[in-house]
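Here is the structure we will look at, set down as structure tokens.
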Amino acid sequence: MTVTILCVGKIKEKFYAQAVEEYRKRLGRYCKLNVIEVADEKTPDHAPSAVEAQIKEKEGKRLLKYLTETSGYKVVLAIDGVMMDSPELAGHMQKQMVQGCNEFVFVIGGSLGLSEEVCRCADLTLSFSKLTFPHPLMRVILLEQIYRSYRIMYQEPYHK
């Protein structure tokens with residue numbers, strides 16, 4: 001099983017990078033983890049909506065390059081997506097695996113979100129919260145939930 005995190009931007013803070021590496025180690029028992037980072041665009045303060053749309057499109061084209069090359073199950077993270085608790089996410093992943101899925105591709109957009117074209121590629125649009133999180137932190141939260149999902153699937157203990 002392969003899990004790919006496809007995201008806009010790089011992690012600059014050491015503590016986020018360390019957390020990602022910790023979950024990479026933990027997930028090594030269950031899957032191969034790939035993290036693919038595409039370049040983000042600089043977003044000017046108070047940019048008009050037309051400029052923001054152009055930025056999302058540019059970032060989206062970079063993401064689509066990878067999304068169109070994979071046959072994996074694509075999960076796009078967006079505020080307006082479906083919300084699941086941890087057991088539901090684990091159950092959803094397990095169902096896809098039983099049906100033959102051998103790769104999950106989780107997509108985290110840039111600071112402005114994802115282009116409509118990227119969202120249309122999704123097999124599932126998932127929301128973790130109505131709150132906004134820094135993108136590096138969202139990567140850590142996502143990895144923690146993927147790890148938790150595997151622990152649930154394998155009926156292994158994990159703190160609640």
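The chains in the structure tokens are called A, B, ... from first to last as shown; in each chain the residues are counted from 1, and the ligands are counted from 1 in the order shown.
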
Item to check | DSSP alpha helix (DSSP H) residues within chain A, as JSON, numbers by chain | outcome: {"A": [14, 15, 16, 17, 18, 19, 20, 21, 22, 23, 24, 25, 26, 27, 49, 50, 51, 52, 53, 54, 55, 56, 57, 58, 59, 60, 61, 62, 63, 64, 65, 66, 67, 86, 87, 88, 89, 90, 91, 92, 93, 94, 95, 96, 97, 98, 116, 117, 118, 119, 120, 135, 136, 137, 138, 139, 140, 141, 142, 143, 144, 145, 146, 147, 148, 149, 150, 151, 152, 153]}

Next, dump the selected residues to file, keeping only C-alpha atoms, as a PDB file, in the first residue's frame.
ATOM      1  CA  LYS A  14      11.940  22.485  11.681  1.00  0.00           C
ATOM      2  CA  PHE A  15       9.372  21.311  14.240  1.00  0.00           C
ATOM      3  CA  TYR A  16       6.767  20.559  11.532  1.00  0.00           C
ATOM      4  CA  ALA A  17       9.388  18.699   9.483  1.00  0.00           C
ATOM      5  CA  GLN A  18      10.316  16.648  12.556  1.00  0.00           C
ATOM      6  CA  ALA A  19       6.662  15.750  13.146  1.00  0.00           C
ATOM      7  CA  VAL A  20       6.280  14.666   9.510  1.00  0.00           C
ATOM      8  CA  GLU A  21       9.370  12.470   9.848  1.00  0.00           C
ATOM      9  CA  GLU A  22       8.011  10.921  13.047  1.00  0.00           C
ATOM     10  CA  TYR A  23       4.807   9.899  11.273  1.00  0.00           C
ATOM     11  CA  ARG A  24       6.805   8.695   8.262  1.00  0.00           C
ATOM     12  CA  LYS A  25       8.618   6.311  10.647  1.00  0.00           C
ATOM     13  CA  ARG A  26       5.405   5.162  12.308  1.00  0.00           C
ATOM     14  CA  LEU A  27       3.611   4.623   9.010  1.00  0.00           C
ATOM     15  CA  SER A  49     -10.288  37.778  -6.621  1.00  0.00           C
ATOM     16  CA  ALA A  50      -9.110  37.532 -10.246  1.00  0.00           C
ATOM     17  CA  VAL A  51      -5.481  37.371  -9.083  1.00  0.00           C
ATOM     18  CA  GLU A  52      -6.366  34.790  -6.438  1.00  0.00           C
ATOM     19  CA  ALA A  53      -8.103  32.681  -9.099  1.00  0.00           C
ATOM     20  CA  GLN A  54      -4.988  32.834 -11.287  1.00  0.00           C
ATOM     21  CA  ILE A  55      -2.822  31.729  -8.362  1.00  0.00           C
ATOM     22  CA  LYS A  56      -5.096  28.753  -7.642  1.00  0.00           C
ATOM     23  CA  GLU A  57      -5.032  27.801 -11.322  1.00  0.00           C
ATOM     24  CA  LYS A  58      -1.214  27.915 -11.482  1.00  0.00           C
ATOM     25  CA  GLU A  59      -0.873  25.797  -8.343  1.00  0.00           C
ATOM     26  CA  GLY A  60      -3.649  23.534  -9.615  1.00  0.00           C
ATOM     27  CA  LYS A  61      -1.806  22.815 -12.864  1.00  0.00           C
ATOM     28  CA  ARG A  62       1.211  21.694 -10.868  1.00  0.00           C
ATOM     29  CA  LEU A  63      -0.970  19.365  -8.778  1.00  0.00           C
ATOM     30  CA  LEU A  64      -2.817  18.032 -11.830  1.00  0.00           C
ATOM     31  CA  LYS A  65       0.469  16.900 -13.352  1.00  0.00           C
ATOM     32  CA  TYR A  66       0.676  14.300 -10.581  1.00  0.00           C
ATOM     33  CA  LEU A  67      -3.043  13.624 -10.215  1.00  0.00           C
ATOM     34  CA  SER A  86     -11.439   8.690  12.916  1.00  0.00           C
ATOM     35  CA  PRO A  87     -13.251   5.316  12.848  1.00  0.00           C
ATOM     36  CA  GLU A  88     -15.245   6.448   9.793  1.00  0.00           C
ATOM     37  CA  LEU A  89     -12.076   7.472   7.962  1.00  0.00           C
ATOM     38  CA  ALA A  90     -10.450   4.146   8.842  1.00  0.00           C
ATOM     39  CA  GLY A  91     -13.540   2.295   7.626  1.00  0.00           C
ATOM     40  CA  HIS A  92     -13.604   4.272   4.389  1.00  0.00           C
ATOM     41  CA  MET A  93      -9.932   3.550   3.742  1.00  0.00           C
ATOM     42  CA  GLN A  94     -10.390  -0.122   4.556  1.00  0.00           C
ATOM     43  CA  LYS A  95     -13.371  -0.366   2.188  1.00  0.00           C
ATOM     44  CA  GLN A  96     -11.285   1.111  -0.634  1.00  0.00           C
ATOM     45  CA  MET A  97      -8.459  -1.310   0.118  1.00  0.00           C
ATOM     46  CA  VAL A  98     -10.830  -4.302   0.039  1.00  0.00           C
ATOM     47  CA  GLU A 116     -11.995  23.666  -9.299  1.00  0.00           C
ATOM     48  CA  GLU A 117     -10.213  21.402 -11.757  1.00  0.00           C
ATOM     49  CA  VAL A 118      -8.254  19.730  -8.950  1.00  0.00           C
ATOM     50  CA  CYS A 119     -11.423  19.339  -6.882  1.00  0.00           C
ATOM     51  CA  ARG A 120     -13.158  17.641  -9.827  1.00  0.00           C
ATOM     52  CA  HIS A 135      -0.625  24.117   5.742  1.00  0.00           C
ATOM     53  CA  PRO A 136       2.392  22.495   7.431  1.00  0.00           C
ATOM     54  CA  LEU A 137       0.254  21.769  10.492  1.00  0.00           C
ATOM     55  CA  MET A 138      -2.472  20.301   8.278  1.00  0.00           C
ATOM     56  CA  ARG A 139       0.098  17.943   6.825  1.00  0.00           C
ATOM     57  CA  VAL A 140       0.982  16.729  10.336  1.00  0.00           C
ATOM     58  CA  ILE A 141      -2.707  16.400  11.307  1.00  0.00           C
ATOM     59  CA  LEU A 142      -3.398  14.423   8.122  1.00  0.00           C
ATOM     60  CA  LEU A 143      -0.477  12.077   8.726  1.00  0.00           C
ATOM     61  CA  GLU A 144      -1.582  11.526  12.317  1.00  0.00           C
ATOM     62  CA  GLN A 145      -5.089  10.605  11.135  1.00  0.00           C
ATOM     63  CA  ILE A 146      -3.748   8.243   8.480  1.00  0.00           C
ATOM     64  CA  TYR A 147      -1.604   6.585  11.147  1.00  0.00           C
ATOM     65  CA  ARG A 148      -4.606   6.415  13.489  1.00  0.00           C
ATOM     66  CA  SER A 149      -6.666   4.879  10.666  1.00  0.00           C
ATOM     67  CA  TYR A 150      -4.152   2.086  10.193  1.00  0.00           C
ATOM     68  CA  ARG A 151      -4.078   1.426  13.922  1.00  0.00           C
ATOM     69  CA  ILE A 152      -7.890   1.201  13.920  1.00  0.00           C
ATOM     70  CA  MET A 153      -7.934  -1.066  10.838  1.00  0.00           C
TER      71      MET A 153
END

Checklist entry - Got a sec: who's within 12 Å of Ser127 (chain A), counting only C-alpha atoms, leaving out chain neighbours fewer than 5 positions off, as a list in words? => result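 Counting only the stated atoms, we get Val75, Val76, Leu77, Ala78, Ile79, Asp80, Gly81, Val82, Met83, Met84, Asp85, Leu89, Phe106, Val107, Ile108, Thr132, Phe133, Met138, Ile141 and Leu142 of chain A.
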
Those residues you just picked out, can you put them in a file as a compact mmCIF listing (two decimals), in the first residue's frame with N, CA and C atoms?
# COMPACT_ATOMS: atom_id res chain seq x y z
N VAL A 75 -8.05 11.84 -2.53
CA VAL A 75 -8.78 12.50 -1.45
C VAL A 75 -8.29 13.94 -1.39
N VAL A 76 -9.20 14.86 -1.68
CA VAL A 76 -8.88 16.29 -1.67
C VAL A 76 -9.36 16.87 -0.34
N LEU A 77 -8.49 17.62 0.34
CA LEU A 77 -8.87 18.25 1.59
C LEU A 77 -9.42 19.64 1.30
N ALA A 78 -10.64 19.88 1.76
CA ALA A 78 -11.28 21.18 1.54
C ALA A 78 -12.27 21.43 2.66
N ILE A 79 -12.42 22.67 3.04
CA ILE A 79 -13.32 23.04 4.14
C ILE A 79 -14.74 22.56 3.90
N ASP A 80 -15.19 22.58 2.64
CA ASP A 80 -16.57 22.21 2.35
C ASP A 80 -16.76 20.71 2.09
N GLY A 81 -15.75 19.91 2.40
CA GLY A 81 -15.85 18.46 2.20
C GLY A 81 -16.66 17.78 3.29
N VAL A 82 -16.78 16.48 3.13
CA VAL A 82 -17.50 15.67 4.12
C VAL A 82 -16.62 15.52 5.36
N MET A 83 -17.26 15.57 6.52
CA MET A 83 -16.52 15.38 7.77
C MET A 83 -16.74 13.95 8.26
N MET A 84 -15.66 13.35 8.72
CA MET A 84 -15.70 11.99 9.28
C MET A 84 -14.97 12.00 10.61
N ASP A 85 -15.37 11.08 11.48
CA ASP A 85 -14.54 10.88 12.66
C ASP A 85 -13.47 9.84 12.30
N LEU A 89 -13.15 7.36 8.94
CA LEU A 89 -12.08 7.47 7.96
C LEU A 89 -11.37 6.13 7.80
N PHE A 106 -3.62 11.96 -1.04
CA PHE A 106 -4.26 13.04 -0.28
C PHE A 106 -3.69 14.36 -0.79
N VAL A 107 -4.56 15.31 -1.10
CA VAL A 107 -4.15 16.57 -1.71
C VAL A 107 -4.44 17.73 -0.75
N ILE A 108 -3.39 18.50 -0.44
CA ILE A 108 -3.51 19.70 0.39
C ILE A 108 -3.15 20.89 -0.49
N THR A 132 -9.47 27.06 9.88
CA THR A 132 -8.35 27.16 8.95
C THR A 132 -7.07 26.83 9.73
N PHE A 133 -6.22 25.98 9.13
CA PHE A 133 -4.97 25.58 9.75
C PHE A 133 -3.80 25.98 8.85
N MET A 138 -1.48 21.19 8.87
CA MET A 138 -2.47 20.30 8.28
C MET A 138 -1.82 19.02 7.78
N ILE A 141 -1.40 16.91 10.86
CA ILE A 141 -2.71 16.40 11.31
C ILE A 141 -3.16 15.27 10.39
N LEU A 142 -3.01 15.46 9.08
CA LEU A 142 -3.40 14.42 8.12
C LEU A 142 -2.60 13.14 8.35

Next on the checklist: Using only C-alpha atoms, can you tell me which of A:Gly72, A:Val3, A:Leu112, A:Glu13 comes closest to Lys42 (chain A)?
Outcome noted: A:Leu112

Item to check | Which of region 10-158 of chain A DSSP labels strand (DSSP E), written as an MDAnalysis selection string | outcome: chainID A and resid 32:38 73:83 103:108 124:127

Output N, CA and C atoms for every residue in the selection just made, as a PDB file, in the first residue's frame.
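And here is the file that came out, again00.pdb:
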ATOM      1  N   LYS A  32       3.986   2.537   2.292  1.00  0.00           N
ATOM      2  CA  LYS A  32       5.068   3.381   1.794  1.00  0.00           C
ATOM      3  C   LYS A  32       4.497   4.798   1.713  1.00  0.00           C
ATOM      4  N   LEU A  33       5.193   5.753   2.284  1.00  0.00           N
ATOM      5  CA  LEU A  33       4.724   7.141   2.282  1.00  0.00           C
ATOM      6  C   LEU A  33       5.552   7.973   1.316  1.00  0.00           C
ATOM      7  N   ASN A  34       4.861   8.637   0.404  1.00  0.00           N
ATOM      8  CA  ASN A  34       5.484   9.603  -0.493  1.00  0.00           C
ATOM      9  C   ASN A  34       4.936  10.984  -0.157  1.00  0.00           C
ATOM     10  N   VAL A  35       5.795  11.964  -0.115  1.00  0.00           N
ATOM     11  CA  VAL A  35       5.358  13.356   0.029  1.00  0.00           C
ATOM     12  C   VAL A  35       5.869  14.095  -1.193  1.00  0.00           C
ATOM     13  N   ILE A  36       4.932  14.628  -1.967  1.00  0.00           N
ATOM     14  CA  ILE A  36       5.273  15.381  -3.167  1.00  0.00           C
ATOM     15  C   ILE A  36       4.845  16.826  -2.942  1.00  0.00           C
ATOM     16  N   GLU A  37       5.806  17.719  -3.028  1.00  0.00           N
ATOM     17  CA  GLU A  37       5.542  19.146  -2.830  1.00  0.00           C
ATOM     18  C   GLU A  37       5.668  19.856  -4.172  1.00  0.00           C
ATOM     19  N   VAL A  38       4.651  20.639  -4.504  1.00  0.00           N
ATOM     20  CA  VAL A  38       4.739  21.487  -5.692  1.00  0.00           C
ATOM     21  C   VAL A  38       4.923  22.924  -5.229  1.00  0.00           C
ATOM     22  N   TYR A  73      -6.600   6.326  -5.308  1.00  0.00           N
ATOM     23  CA  TYR A  73      -7.835   6.914  -4.789  1.00  0.00           C
ATOM     24  C   TYR A  73      -7.497   8.314  -4.282  1.00  0.00           C
ATOM     25  N   LYS A  74      -8.110   9.319  -4.893  1.00  0.00           N
ATOM     26  CA  LYS A  74      -7.744  10.715  -4.649  1.00  0.00           C
ATOM     27  C   LYS A  74      -8.669  11.348  -3.605  1.00  0.00           C
ATOM     28  N   VAL A  75      -8.054  11.839  -2.530  1.00  0.00           N
ATOM     29  CA  VAL A  75      -8.781  12.505  -1.449  1.00  0.00           C
ATOM     30  C   VAL A  75      -8.293  13.943  -1.387  1.00  0.00           C
ATOM     31  N   VAL A  76      -9.198  14.859  -1.679  1.00  0.00           N
ATOM     32  CA  VAL A  76      -8.881  16.286  -1.666  1.00  0.00           C
ATOM     33  C   VAL A  76      -9.357  16.866  -0.342  1.00  0.00           C
ATOM     34  N   LEU A  77      -8.493  17.617   0.339  1.00  0.00           N
ATOM     35  CA  LEU A  77      -8.870  18.251   1.590  1.00  0.00           C
ATOM     36  C   LEU A  77      -9.419  19.640   1.298  1.00  0.00           C
ATOM     37  N   ALA A  78     -10.635  19.884   1.758  1.00  0.00           N
ATOM     38  CA  ALA A  78     -11.279  21.178   1.543  1.00  0.00           C
ATOM     39  C   ALA A  78     -12.274  21.427   2.664  1.00  0.00           C
ATOM     40  N   ILE A  79     -12.425  22.673   3.037  1.00  0.00           N
ATOM     41  CA  ILE A  79     -13.319  23.039   4.142  1.00  0.00           C
ATOM     42  C   ILE A  79     -14.744  22.563   3.897  1.00  0.00           C
ATOM     43  N   ASP A  80     -15.189  22.575   2.639  1.00  0.00           N
ATOM     44  CA  ASP A  80     -16.575  22.207   2.348  1.00  0.00           C
ATOM     45  C   ASP A  80     -16.756  20.714   2.092  1.00  0.00           C
ATOM     46  N   GLY A  81     -15.750  19.908   2.397  1.00  0.00           N
ATOM     47  CA  GLY A  81     -15.850  18.464   2.198  1.00  0.00           C
ATOM     48  C   GLY A  81     -16.655  17.784   3.290  1.00  0.00           C
ATOM     49  N   VAL A  82     -16.779  16.480   3.134  1.00  0.00           N
ATOM     50  CA  VAL A  82     -17.500  15.673   4.116  1.00  0.00           C
ATOM     51  C   VAL A  82     -16.619  15.523   5.360  1.00  0.00           C
ATOM     52  N   MET A  83     -17.256  15.572   6.524  1.00  0.00           N
ATOM     53  CA  MET A  83     -16.517  15.376   7.774  1.00  0.00           C
ATOM     54  C   MET A  83     -16.735  13.954   8.261  1.00  0.00           C
ATOM     55  N   GLU A 103      -3.275   2.579  -3.615  1.00  0.00           N
ATOM     56  CA  GLU A 103      -2.661   3.885  -3.334  1.00  0.00           C
ATOM     57  C   GLU A 103      -3.743   4.897  -2.968  1.00  0.00           C
ATOM     58  N   PHE A 104      -3.464   5.633  -1.908  1.00  0.00           N
ATOM     59  CA  PHE A 104      -4.274   6.799  -1.549  1.00  0.00           C
ATOM     60  C   PHE A 104      -3.443   8.028  -1.844  1.00  0.00           C
ATOM     61  N   VAL A 105      -4.052   9.005  -2.487  1.00  0.00           N
ATOM     62  CA  VAL A 105      -3.391  10.275  -2.762  1.00  0.00           C
ATOM     63  C   VAL A 105      -4.201  11.358  -2.057  1.00  0.00           C
ATOM     64  N   PHE A 106      -3.616  11.961  -1.036  1.00  0.00           N
ATOM     65  CA  PHE A 106      -4.256  13.035  -0.284  1.00  0.00           C
ATOM     66  C   PHE A 106      -3.688  14.357  -0.789  1.00  0.00           C
ATOM     67  N   VAL A 107      -4.564  15.309  -1.103  1.00  0.00           N
ATOM     68  CA  VAL A 107      -4.146  16.567  -1.709  1.00  0.00           C
ATOM     69  C   VAL A 107      -4.436  17.725  -0.751  1.00  0.00           C
ATOM     70  N   ILE A 108      -3.386  18.499  -0.443  1.00  0.00           N
ATOM     71  CA  ILE A 108      -3.507  19.697   0.389  1.00  0.00           C
ATOM     72  C   ILE A 108      -3.146  20.888  -0.487  1.00  0.00           C
ATOM     73  N   LEU A 124     -12.970  11.636  -3.265  1.00  0.00           N
ATOM     74  CA  LEU A 124     -13.569  12.051  -1.992  1.00  0.00           C
ATOM     75  C   LEU A 124     -13.049  13.434  -1.658  1.00  0.00           C
ATOM     76  N   THR A 125     -13.950  14.322  -1.252  1.00  0.00           N
ATOM     77  CA  THR A 125     -13.555  15.629  -0.732  1.00  0.00           C
ATOM     78  C   THR A 125     -13.788  15.577   0.773  1.00  0.00           C
ATOM     79  N   LEU A 126     -12.712  15.725   1.522  1.00  0.00           N
ATOM     80  CA  LEU A 126     -12.719  15.513   2.964  1.00  0.00           C
ATOM     81  C   LEU A 126     -12.406  16.812   3.687  1.00  0.00           C
ATOM     82  N   SER A 127     -13.151  17.072   4.749  1.00  0.00           N
ATOM     83  CA  SER A 127     -12.894  18.236   5.596  1.00  0.00           C
ATOM     84  C   SER A 127     -12.514  17.752   6.983  1.00  0.00           C
TER      85      SER A 127
END
